[in-house]
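Trainee: To be precise about what I am sending: the file is called structure-v4.cif and holds mmCIF, C-alpha atoms.
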```
data_data
loop_
_atom_site.label_atom_id
_atom_site.label_comp_id
_atom_site.auth_asym_id
_atom_site.auth_seq_id
_atom_site.Cartn_x
_atom_site.Cartn_y
_atom_site.Cartn_z
CA MET A 1 46.39 -22.93 34.77
CA GLU A 2 44.81 -23.04 38.26
CA LYS A 3 47.27 -20.44 39.49
CA THR A 4 46.15 -18.05 36.71
CA ARG A 5 42.51 -18.44 37.74
CA VAL A 6 43.33 -17.60 41.35
CA GLN A 7 45.20 -14.48 40.25
CA VAL A 8 42.21 -13.28 38.18
CA ARG A 9 39.81 -13.86 41.06
CA THR A 10 42.13 -11.96 43.37
CA LEU A 11 42.26 -9.00 40.99
CA VAL A 12 38.47 -8.91 40.72
CA LEU A 13 38.07 -9.08 44.50
CA LEU A 14 40.61 -6.30 45.04
CA GLY A 15 38.77 -4.20 42.46
CA LEU A 16 35.47 -4.77 44.21
CA LEU A 17 36.93 -3.93 47.59
CA LYS A 18 38.35 -0.69 46.24
CA GLY A 19 35.01 0.37 44.75
CA GLY A 20 33.96 1.39 41.21
CA TRP A 21 33.66 -1.22 38.55
CA SER A 22 31.98 -0.79 35.17
CA PHE A 23 30.35 -3.66 33.34
CA GLN A 24 28.19 -4.26 30.28
CA VAL A 25 24.57 -5.14 30.84
CA THR A 26 23.28 -8.05 28.74
CA LEU A 27 19.91 -7.77 26.97
CA SER A 28 17.67 -10.83 26.71
CA LYS A 29 17.08 -9.78 23.09
CA ASP A 30 17.92 -6.85 20.88
CA PRO A 31 16.34 -5.40 18.86
CA VAL A 32 12.94 -5.72 20.49
CA GLU A 33 9.57 -5.53 18.76
CA VAL A 34 7.07 -2.94 19.95
CA GLY A 35 4.79 -4.51 22.57
CA ASP A 36 7.26 -7.20 23.66
CA ASP A 37 9.15 -7.53 26.98
CA VAL A 38 12.92 -7.33 27.47
CA VAL A 39 15.23 -8.11 30.40
CA PHE A 40 18.38 -6.10 31.22
CA GLU A 41 20.44 -8.89 32.77
CA VAL A 42 23.00 -7.99 35.47
CA ARG A 43 25.48 -10.40 37.09
CA SER A 44 26.54 -8.82 40.37
CA PRO A 45 29.00 -10.53 42.77
CA ASP A 46 26.44 -10.44 45.57
CA LYS A 47 22.96 -9.23 46.35
CA PRO A 48 22.98 -5.41 46.12
CA GLU A 49 21.57 -3.41 49.04
CA THR A 50 20.58 -0.47 46.85
CA GLY A 51 20.23 0.06 43.13
CA SER A 52 18.82 2.33 40.48
CA TRP A 53 18.09 2.37 36.75
CA GLN A 54 18.05 5.53 34.65
CA PHE A 55 16.99 6.34 31.10
CA ARG A 56 17.71 9.70 29.47
CA ASN A 57 18.43 11.29 32.84
CA GLU A 58 15.08 10.11 34.17
CA GLN A 59 14.66 7.73 37.08
CA VAL A 60 13.18 4.42 35.96
CA VAL A 61 13.37 2.76 39.35
CA PHE A 62 15.25 3.10 42.67
CA TRP A 63 15.28 0.68 45.56
CA ILE A 64 16.75 0.25 49.03
CA GLY A 65 16.35 -3.28 50.23
CA ALA A 66 12.79 -4.24 49.29
CA LYS A 67 11.50 -0.66 49.15
CA LEU A 68 10.87 0.26 45.53
CA VAL A 69 10.30 3.69 44.00
CA VAL A 70 9.13 3.58 40.36
CA GLY A 71 9.15 6.48 37.92
CA LEU A 72 5.72 7.70 36.87
CA LYS A 73 6.20 6.59 33.25
CA TYR A 74 7.01 3.05 34.31
CA ASN A 75 4.16 2.11 36.63
CA ASP A 76 3.05 -1.47 35.87
CA ARG A 77 5.77 -1.76 33.22
CA ILE A 78 8.83 -2.91 35.18
CA ASP A 79 9.96 -5.69 37.46
CA VAL A 80 13.24 -5.78 39.42
CA ASN A 81 15.22 -8.83 40.50
CA TYR A 82 16.54 -7.75 43.93
CA GLU A 83 19.05 -10.62 43.98
CA THR A 84 20.95 -9.37 40.91
CA GLY A 85 19.62 -5.91 40.05
CA SER A 86 18.31 -7.12 36.68
CA LEU A 87 15.44 -5.09 35.21
CA LYS A 88 12.48 -6.36 33.18
CA LEU A 89 10.80 -3.77 30.95
CA MET A 90 7.37 -4.78 29.67
CA SER A 91 5.28 -3.73 26.68
CA VAL A 92 8.06 -1.66 25.17
CA LYS A 93 7.35 1.41 23.03
CA LEU A 94 9.35 3.13 20.33
CA SER A 95 10.13 5.87 22.84
CA ASP A 96 11.91 3.28 25.02
CA SER A 97 14.80 3.11 22.55
CA GLY A 98 18.07 4.46 23.92
CA ASP A 99 20.74 4.11 26.60
CA TYR A 100 19.97 2.68 30.06
CA PHE A 101 22.27 3.01 33.08
CA VAL A 102 22.33 0.93 36.26
CA HIS A 103 24.08 1.56 39.57
CA LEU A 104 24.32 -1.13 42.28
CA GLN A 105 25.86 -0.82 45.76
CA LYS A 106 26.58 -2.90 48.83
CA ALA A 107 28.21 -1.61 52.02
CA GLY A 108 28.80 -5.00 53.67
CA GLU A 109 31.58 -7.54 53.13
CA PRO A 110 32.73 -7.55 50.44
CA PRO A 111 31.60 -4.02 49.56
CA PHE A 112 31.04 -3.04 45.92
CA SER A 113 29.79 -0.23 43.73
CA LEU A 114 28.92 -1.25 40.19
CA THR A 115 27.79 0.76 37.19
CA GLY A 116 26.72 -0.53 33.82
CA ASN A 117 24.83 0.43 30.74
CA ALA A 118 23.04 -1.00 27.71
CA THR A 119 21.54 0.41 24.54
CA LEU A 120 18.06 -0.80 23.67
CA HIS A 121 16.73 -0.78 20.10
CA ILE A 122 12.98 -0.91 19.53
CA ILE A 123 11.50 -1.71 16.13
CA ASP A 124 7.92 -1.06 15.13
CA SER A 125 7.17 -4.02 12.87
CA VAL A 126 4.94 -3.95 9.83
CA THR A 127 1.32 -4.28 10.96
CA LYS A 128 -0.64 -3.16 7.89
CA VAL A 129 0.13 -2.61 4.22
CA THR A 130 -2.21 -0.86 1.77
CA VAL A 131 -1.98 0.30 -1.84
CA ASN A 132 -3.77 3.37 -3.18
CA SER A 133 -3.36 6.02 -5.83
CA PRO A 134 -3.25 9.82 -5.63
CA SER A 135 -5.15 9.86 -8.94
CA PRO A 136 -8.73 8.57 -8.84
CA TYR A 137 -8.78 6.99 -12.31
CA PRO A 138 -6.07 5.76 -14.68
CA ILE A 139 -6.63 7.16 -18.19
CA LEU A 140 -4.92 5.74 -21.24
CA ASN A 141 -1.69 7.52 -22.22
CA ASN A 142 -1.70 9.66 -19.05
CA THR A 143 0.69 9.35 -16.10
CA PHE A 144 -0.51 7.17 -13.24
CA SER A 145 1.06 6.02 -9.96
CA LEU A 146 0.44 3.66 -7.05
CA THR A 147 1.63 4.23 -3.48
CA CYS A 148 2.51 1.62 -0.85
CA ASN A 149 1.48 2.75 2.66
CA VAL A 150 2.91 0.88 5.65
CA SER A 151 1.89 0.99 9.30
CA GLY A 152 5.09 0.26 11.21
CA ASN A 153 8.71 0.22 10.13
CA ALA A 154 9.53 -1.31 6.74
CA ASP A 155 13.14 -2.08 5.85
CA SER A 156 12.24 -2.63 2.20
CA ARG A 157 9.31 -2.81 -0.21
CA SER A 158 8.63 -4.75 -3.40
CA TRP A 159 5.73 -4.96 -5.87
CA LEU A 160 3.71 -7.74 -7.48
CA LYS A 161 1.48 -7.71 -10.55
CA ASP A 162 -0.94 -10.62 -10.78
CA GLY A 163 1.18 -12.48 -8.21
CA GLN A 164 4.47 -12.05 -10.10
CA PRO A 165 7.35 -9.64 -9.30
CA LEU A 166 6.95 -6.28 -11.03
CA SER A 167 10.06 -4.96 -12.75
CA ALA A 168 11.02 -1.47 -13.82
CA GLY A 169 11.15 -0.59 -17.52
CA ASP A 170 10.99 2.28 -19.97
CA ARG A 171 7.50 3.25 -18.78
CA ILE A 172 7.46 1.78 -15.29
CA THR A 173 9.66 3.32 -12.60
CA PHE A 174 9.96 3.01 -8.83
CA SER A 175 10.68 5.66 -6.23
CA LYS A 176 14.01 5.47 -4.41
CA ASP A 177 12.55 3.48 -1.50
CA ASN A 178 10.08 1.51 -3.67
CA SER A 179 7.17 3.15 -1.87
CA ALA A 180 5.63 4.20 -5.21
CA VAL A 181 5.46 2.86 -8.74
CA SER A 182 4.75 5.16 -11.71
CA PHE A 183 3.43 4.41 -15.20
CA ASN A 184 4.35 7.00 -17.83
CA PRO A 185 2.22 6.56 -19.79
CA VAL A 186 -0.23 3.98 -18.49
CA LEU A 187 -1.48 1.49 -21.08
CA VAL A 188 -4.25 -1.10 -21.26
CA SER A 189 -1.54 -3.76 -20.94
CA ASP A 190 -0.96 -2.46 -17.39
CA ASN A 191 -4.38 -3.76 -16.32
CA GLY A 192 -4.06 -6.23 -13.45
CA THR A 193 -3.95 -6.73 -9.69
CA TYR A 194 -1.10 -4.99 -7.87
CA GLN A 195 0.22 -5.73 -4.37
CA CYS A 196 2.96 -4.29 -2.19
CA ILE A 197 5.13 -6.42 0.10
CA ALA A 198 6.73 -4.64 3.08
CA ASN A 199 9.64 -6.38 4.80
CA SER A 200 10.84 -5.71 8.34
CA TYR A 201 13.24 -7.27 10.88
CA PHE A 202 10.52 -9.30 12.59
CA ARG A 203 7.81 -9.84 10.01
CA ASN A 204 6.57 -9.05 6.51
CA GLY A 205 3.22 -7.73 5.35
CA THR A 206 1.41 -7.95 2.01
CA SER A 207 -1.35 -5.62 0.90
CA THR A 208 -4.65 -6.70 -0.52
CA GLY A 209 -4.86 -6.48 -4.28
CA TYR A 210 -5.37 -3.15 -6.04
CA SER A 211 -7.26 -3.69 -9.28
CA LEU A 212 -5.89 -1.41 -12.00
CA VAL A 213 -8.29 -0.88 -14.91
CA VAL A 214 -7.21 1.67 -17.50
CA ASN A 215 -9.98 3.91 -18.81
CA TYR A 216 -9.99 4.79 -22.51
CA GLY A 217 -12.16 5.71 -25.48
CA PRO A 218 -14.54 6.01 -27.03
CA GLU A 219 -12.92 4.51 -30.11
CA GLN A 220 -14.26 2.92 -33.32
CA VAL A 221 -17.82 4.17 -32.95
CA SER A 222 -20.21 2.42 -35.35
CA ILE A 223 -23.94 2.32 -36.15
CA THR A 224 -25.81 -0.80 -37.24
CA GLY A 225 -29.33 -0.61 -38.62
CA PRO A 226 -31.32 -0.58 -41.88
CA ASP A 227 -30.32 1.63 -44.80
CA ALA A 228 -33.97 2.13 -45.63
CA SER A 229 -37.40 1.52 -44.06
CA ARG A 230 -40.98 1.75 -45.30
CA ILE A 231 -43.45 4.13 -43.75
CA GLY A 232 -45.36 2.38 -40.97
CA SER A 233 -42.69 -0.27 -40.35
CA SER A 234 -40.27 -0.54 -37.44
CA ALA A 235 -36.55 0.25 -37.39
CA VAL A 236 -33.85 -0.42 -34.79
CA PHE A 237 -30.46 1.30 -34.73
CA THR A 238 -27.61 0.24 -32.45
CA CYS A 239 -24.56 2.30 -31.56
CA SER A 240 -21.38 0.70 -30.21
CA ALA A 241 -17.85 1.78 -29.32
CA HIS A 242 -14.68 0.46 -27.72
CA SER A 243 -14.59 2.17 -24.33
CA GLN A 244 -13.84 1.75 -20.64
CA PRO A 245 -16.17 2.38 -18.91
CA VAL A 246 -19.24 1.90 -21.11
CA CYS A 247 -20.16 5.04 -23.04
CA GLU A 248 -23.30 7.12 -23.00
CA TYR A 249 -24.94 7.40 -26.44
CA THR A 250 -26.87 10.32 -27.92
CA TRP A 251 -28.79 10.24 -31.24
CA PHE A 252 -29.29 13.04 -33.73
CA ILE A 253 -31.34 12.97 -36.95
CA ASN A 254 -30.39 15.69 -39.38
CA GLY A 255 -28.66 17.52 -36.51
CA LYS A 256 -31.65 17.38 -34.16
CA LEU A 257 -31.42 15.57 -30.81
CA VAL A 258 -33.94 12.70 -30.82
CA ALA A 259 -32.89 10.15 -28.19
CA LYS A 260 -30.34 8.92 -25.68
CA GLY A 261 -29.10 5.39 -25.12
CA SER A 262 -28.67 2.41 -27.39
CA PRO A 263 -30.47 0.82 -29.15
CA TYR A 264 -32.67 3.52 -30.72
CA LYS A 265 -36.07 2.12 -31.83
CA ILE A 266 -38.53 3.74 -34.21
CA HIS A 267 -42.16 2.62 -34.59
CA PRO A 268 -43.90 3.45 -36.74
CA VAL A 269 -41.45 4.92 -39.24
CA ASN A 270 -42.59 8.17 -40.89
CA SER A 271 -41.14 10.64 -43.33
CA SER A 272 -39.43 12.66 -40.58
CA ASN A 273 -37.19 9.66 -39.94
CA ASP A 274 -35.44 10.09 -43.29
CA GLY A 275 -31.95 11.54 -43.33
CA SER A 276 -28.57 11.52 -41.61
CA TYR A 277 -28.29 9.60 -38.31
CA THR A 278 -25.48 10.59 -35.97
CA CYS A 279 -24.57 8.69 -32.81
CA THR A 280 -22.25 10.46 -30.38
CA ALA A 281 -20.50 8.31 -27.77
CA TRP A 282 -19.39 10.06 -24.55
CA ASN A 283 -17.02 8.72 -21.87
CA SER A 284 -17.53 10.65 -18.64
CA LEU A 285 -14.18 9.53 -17.12
CA THR A 286 -11.93 10.31 -20.06
CA GLU A 287 -14.17 13.29 -20.95
CA ARG A 288 -13.90 12.38 -24.61
CA ASN A 289 -16.47 11.82 -27.33
CA SER A 290 -16.57 10.38 -30.82
CA SER A 291 -19.31 10.04 -33.43
CA ALA A 292 -20.48 7.87 -36.32
CA VAL A 293 -22.90 8.80 -39.15
CA LYS A 294 -25.30 6.63 -41.15
CA MET A 295 -27.84 7.53 -43.84
CA HIS A 296 -31.38 6.17 -43.51
CA HIS A 297 -34.03 6.52 -46.24
CA VAL A 298 -37.77 6.34 -45.66
CA LEU A 299 -39.76 4.83 -48.56
CA ASP A 300 -43.43 5.65 -48.95
CA SER A 301 -44.56 2.70 -51.14
CA ALA A 302 -43.76 -0.84 -52.17
CA SER A 303 -42.55 0.37 -55.59
CA SER A 304 -40.17 2.78 -53.92
CA TRP A 305 -38.91 -0.06 -51.77
CA SER A 306 -38.35 -2.20 -54.90
CA ARG A 307 -36.49 0.61 -56.66
CA HIS A 308 -34.34 1.11 -53.56
CA ALA A 309 -33.60 -2.61 -53.37
CA VAL A 310 -32.62 -2.71 -57.06
CA ALA A 311 -30.38 0.31 -56.58
CA MET A 312 -28.73 -1.41 -53.64
CA VAL A 313 -28.10 -4.57 -55.71
CA ILE A 314 -26.71 -2.56 -58.62
CA GLY A 315 -24.48 -0.66 -56.27
CA THR A 316 -23.19 -3.88 -54.81
CA LEU A 317 -22.52 -5.38 -58.26
CA VAL A 318 -20.71 -2.25 -59.40
CA SER A 319 -18.53 -2.31 -56.35
CA ALA A 320 -17.75 -5.99 -56.95
CA ALA A 321 -16.88 -5.30 -60.56
CA VAL A 322 -14.53 -2.51 -59.56
CA LEU A 323 -12.78 -4.79 -57.13
CA VAL A 324 -12.34 -7.46 -59.81
#
```
For this file, produce the structure as C-alpha cells.
Mentor:
Amino acid sequence: MEKTRVQVRTLVLLGLLKGGWSFQVTLSKDPVEVGDDVVFEVRSPDKPETGSWQFRNEQVVFWIGAKLVVGLKYNDRIDVNYETGSLKLMSVKLSDSGDYFVHLQKAGEPPFSLTGNATLHIIDSVTKVTVNSPSPYPILNNTFSLTCNVSGNADSRSWLKDGQPLSAGDRITFSKDNSAVSFNPVLVSDNGTYQCIANSYFRNGTSTGYSLVVNYGPEQVSITGPDASRIGSSAVFTCSAHSQPVCEYTWFINGKLVAKGSPYKIHPVNSSNDGSYTCTAWNSLTERNSSAVKMHHVLDSASSWSRHAVAMVIGTLVSAAVLV
C-alpha cells in the first residue's frame, strides 16, 4: 500500500515538473444567494508566484507576488489568498453567474503551471410576494382572476384561501406556472382572503391577504310602508335590496321623480301623495338596476279611513277563504 502512494506522488511531481496540469476548483457553496459571498478554493502544491482569475474573457484579478491588479467591475468585491490562489467574491450579483478560470504559475523548484475552472450559480431568492388583479372589481357571473407577483426567483407557487390550500375545479383554474388563478364565473361563494406562497431554493415568501368580495345585484327589491295615509299625517317608505355594494335608491310617484335615498318620509301627507310608488335600486359597480312598485292611497277623512280599513279586512278574509 505504501509503495502505491509513493508511485502516485512521483507521478504528480513529474507532472508538475513537466508543466501544465488542470484541476477542478472547489466552491465554498453553490448555488449562492444574491448578496452573499463565495470562495473559489484552490489547493496548489506550493505558493504561486503569479496568478490570474478570468470571467467571460474579462480579467477579474491578476497578481505578481504581492502586486495586485483588479478589474474595474470587481473593486472592493474580491480578496485573494496569495498562499493558494483562492479567490473570494463578495456581494454576488445575478450577473456573476457563469464559468471562472484560474491560472497559477511558479518558476522556482519545483516549477508548476496550473489551470482550473468552476461554474458559479447565483439565485435571486424570493424577497417580496404580492397578489393583485387585472380587473378592478369582481362581478357575479363574470370572469375574474388573481395574479401572484414575485420579486426574485420562484421555483414554484401555490395558493391559499382563508388559510387553506386552494384547489382547481370546474370553475377555478391555474396558469401553467401557478402565477395566476382564474374564476369562470366568479360566485359569491368565492368570497374570502387569498394568498400566494412563492418557494425558492433558499427561502419562501407569502403575500399579504387579498380580500375578494364579489359584487352583485340589486336583487329582490322591496318597498315597506303604509298602504294608505290620511291627509295631514306622516308616512315613511323604506326601499331595500340584496346588493354588494349598497345600492342607491330613487323614488318616483306616478312616474315623477320625487326623492333619492331610503327611507322616503312624507309630512304632511296631501292628495298629491296618492298613487303608484316606484323605488329603483342602482348598483354603480355592476351597472344594474331593479325596481319595486307599491300603491299608496291618501284618504281625506276619518270615514274614508274607516271604509279603507273595512275594505282591507274584507280583502284579507276573502284571501283567507280562498286559501282554505
Trainee: Apply the PyMOL selection byres ((chain A and resi 70) around 10) to the structure shown and report the selected residues as JSON, numbers by chain.
Mentor: {"A": [52, 53, 59, 60, 61, 62, 63, 68, 69, 71, 72, 73, 74, 75, 76, 77, 78, 79]}
Trainee: I need the residue nearest Gly209 (chain A) from this list: A:Ser156, A:Ser222, A:Thr26, A:Asn132. Use only C-alpha atoms for the distance.
Mentor: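 Among the listed residues, the smallest separation from Gly209 (chain A) belongs to A:Asn132.
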Trainee: What gap, in Å, lies between CA of Gln54 (chain A) and CA of Ser95 (chain A)?
Mentor: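 Rounded to one decimal, the two atoms are 14.2 Å apart.
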Trainee: For this file, the PyMOL selection byres ((chain A and resi 118-124) around 6) selects which residues, as a VMD selection string?
Mentor: chain A and resid 25 31 to 34 94 97 to 100 117 125 152 to 153
Trainee: Which one of A:Ser200, A:Thr147, A:Gln164, A:Ser113 sits closest to Pro45 (chain A) if you count only C-alpha atoms?
Mentor: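 Going through A:Ser200, A:Thr147, A:Gln164, A:Ser113 one by one, the smallest distance to Pro45 (chain A) is for A:Ser113.
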Trainee: Glu83 (chain A): which residues within 9 Å, counting all atoms listed in the file, same-chain residues fewer than 4 positions away excluded, as a list in words?
Mentor: Ser44, Asp46, Lys47 and Pro48 of chain A
Trainee: For the structure provided, state which residues fall under the PyMOL selection byres ((chain A and resi 276-284) around 6), and present them as a list in words.
Mentor: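 Residues picked by the PyMOL selection byres ((chain A and resi 276-284) around 6): Cys247, Glu248, Tyr249, Thr250, Trp251, Phe252, Ile253, Asn254, Gly275, Leu285, Thr286, Glu287, Arg288, Asn289, Ser290, Ser291, Ala292, Val293, Lys294 and Met295 of chain A.
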Trainee: Counting only C-alpha atoms, find the residues whose atoms lie at most 12 Å from (0.9, -13.3, -9.9) (file coordinates) and write them out as a CSV table (one decimal) with C-alpha atoms, in the frame of the given file.
Mentor:
```csv
chain,number,residue,atom,x,y,z
A,159,TRP,CA,5.7,-5.0,-5.9
A,160,LEU,CA,3.7,-7.7,-7.5
A,161,LYS,CA,1.5,-7.7,-10.6
A,162,ASP,CA,-0.9,-10.6,-10.8
A,163,GLY,CA,1.2,-12.5,-8.2
A,164,GLN,CA,4.5,-12.0,-10.1
A,165,PRO,CA,7.4,-9.6,-9.3
A,166,LEU,CA,7.0,-6.3,-11.0
A,192,GLY,CA,-4.1,-6.2,-13.4
A,193,THR,CA,-4.0,-6.7,-9.7
A,194,TYR,CA,-1.1,-5.0,-7.9
A,195,GLN,CA,0.2,-5.7,-4.4
A,209,GLY,CA,-4.9,-6.5,-4.3
```
Trainee: As an exercise, work out the distance from CA of Phe55 (chain A) to CA of Phe202 (chain A) in Å and give it to one decimal place.
Mentor: 25.1 Å
Trainee: Suppose you want the space between CA of Tyr201 (chain A) and CA of Val181 (chain A); what is it in Å?
Mentor: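 Atom-to-atom, CA of Tyr201 (chain A) and CA of Val181 (chain A) are spaced 23.4 Å apart.
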Trainee: Identify which of the residues A:Gly65, A:Pro138, A:Gly108, A:Pro268 lies closest to Ser229 (chain A), counting all atoms listed in the file when measuring atom-to-atom distances.
Mentor: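 When distances to Ser229 (chain A) are compared using all atoms listed in the file, the smallest one comes from A:Pro268.
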Trainee: Counting only C-alpha atoms, which residue out of A:Ser233, A:Asn178, A:Asn204, A:Thr127 sits closest to Leu299 (chain A)?
Mentor: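 Comparing A:Ser233, A:Asn178, A:Asn204, A:Thr127 against Leu299 (chain A), the winner is A:Ser233.
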Trainee: Have a look at A:Ser243, A:Ala107, A:Thr224, A:Ile64 and name the one nearest to Tyr264 (chain A); count only C-alpha atoms.
Mentor: A:Thr224
Trainee: Tell me, as a list in words, which residues lie within 9 Å of Arg171 (chain A), counting all atoms listed in the file; anything in the same chain fewer than 2 positions away does not count.
Mentor: Ala168, Gly169, Thr173, Ser182, Phe183, Asn184, Pro185 and Val186 of chain A
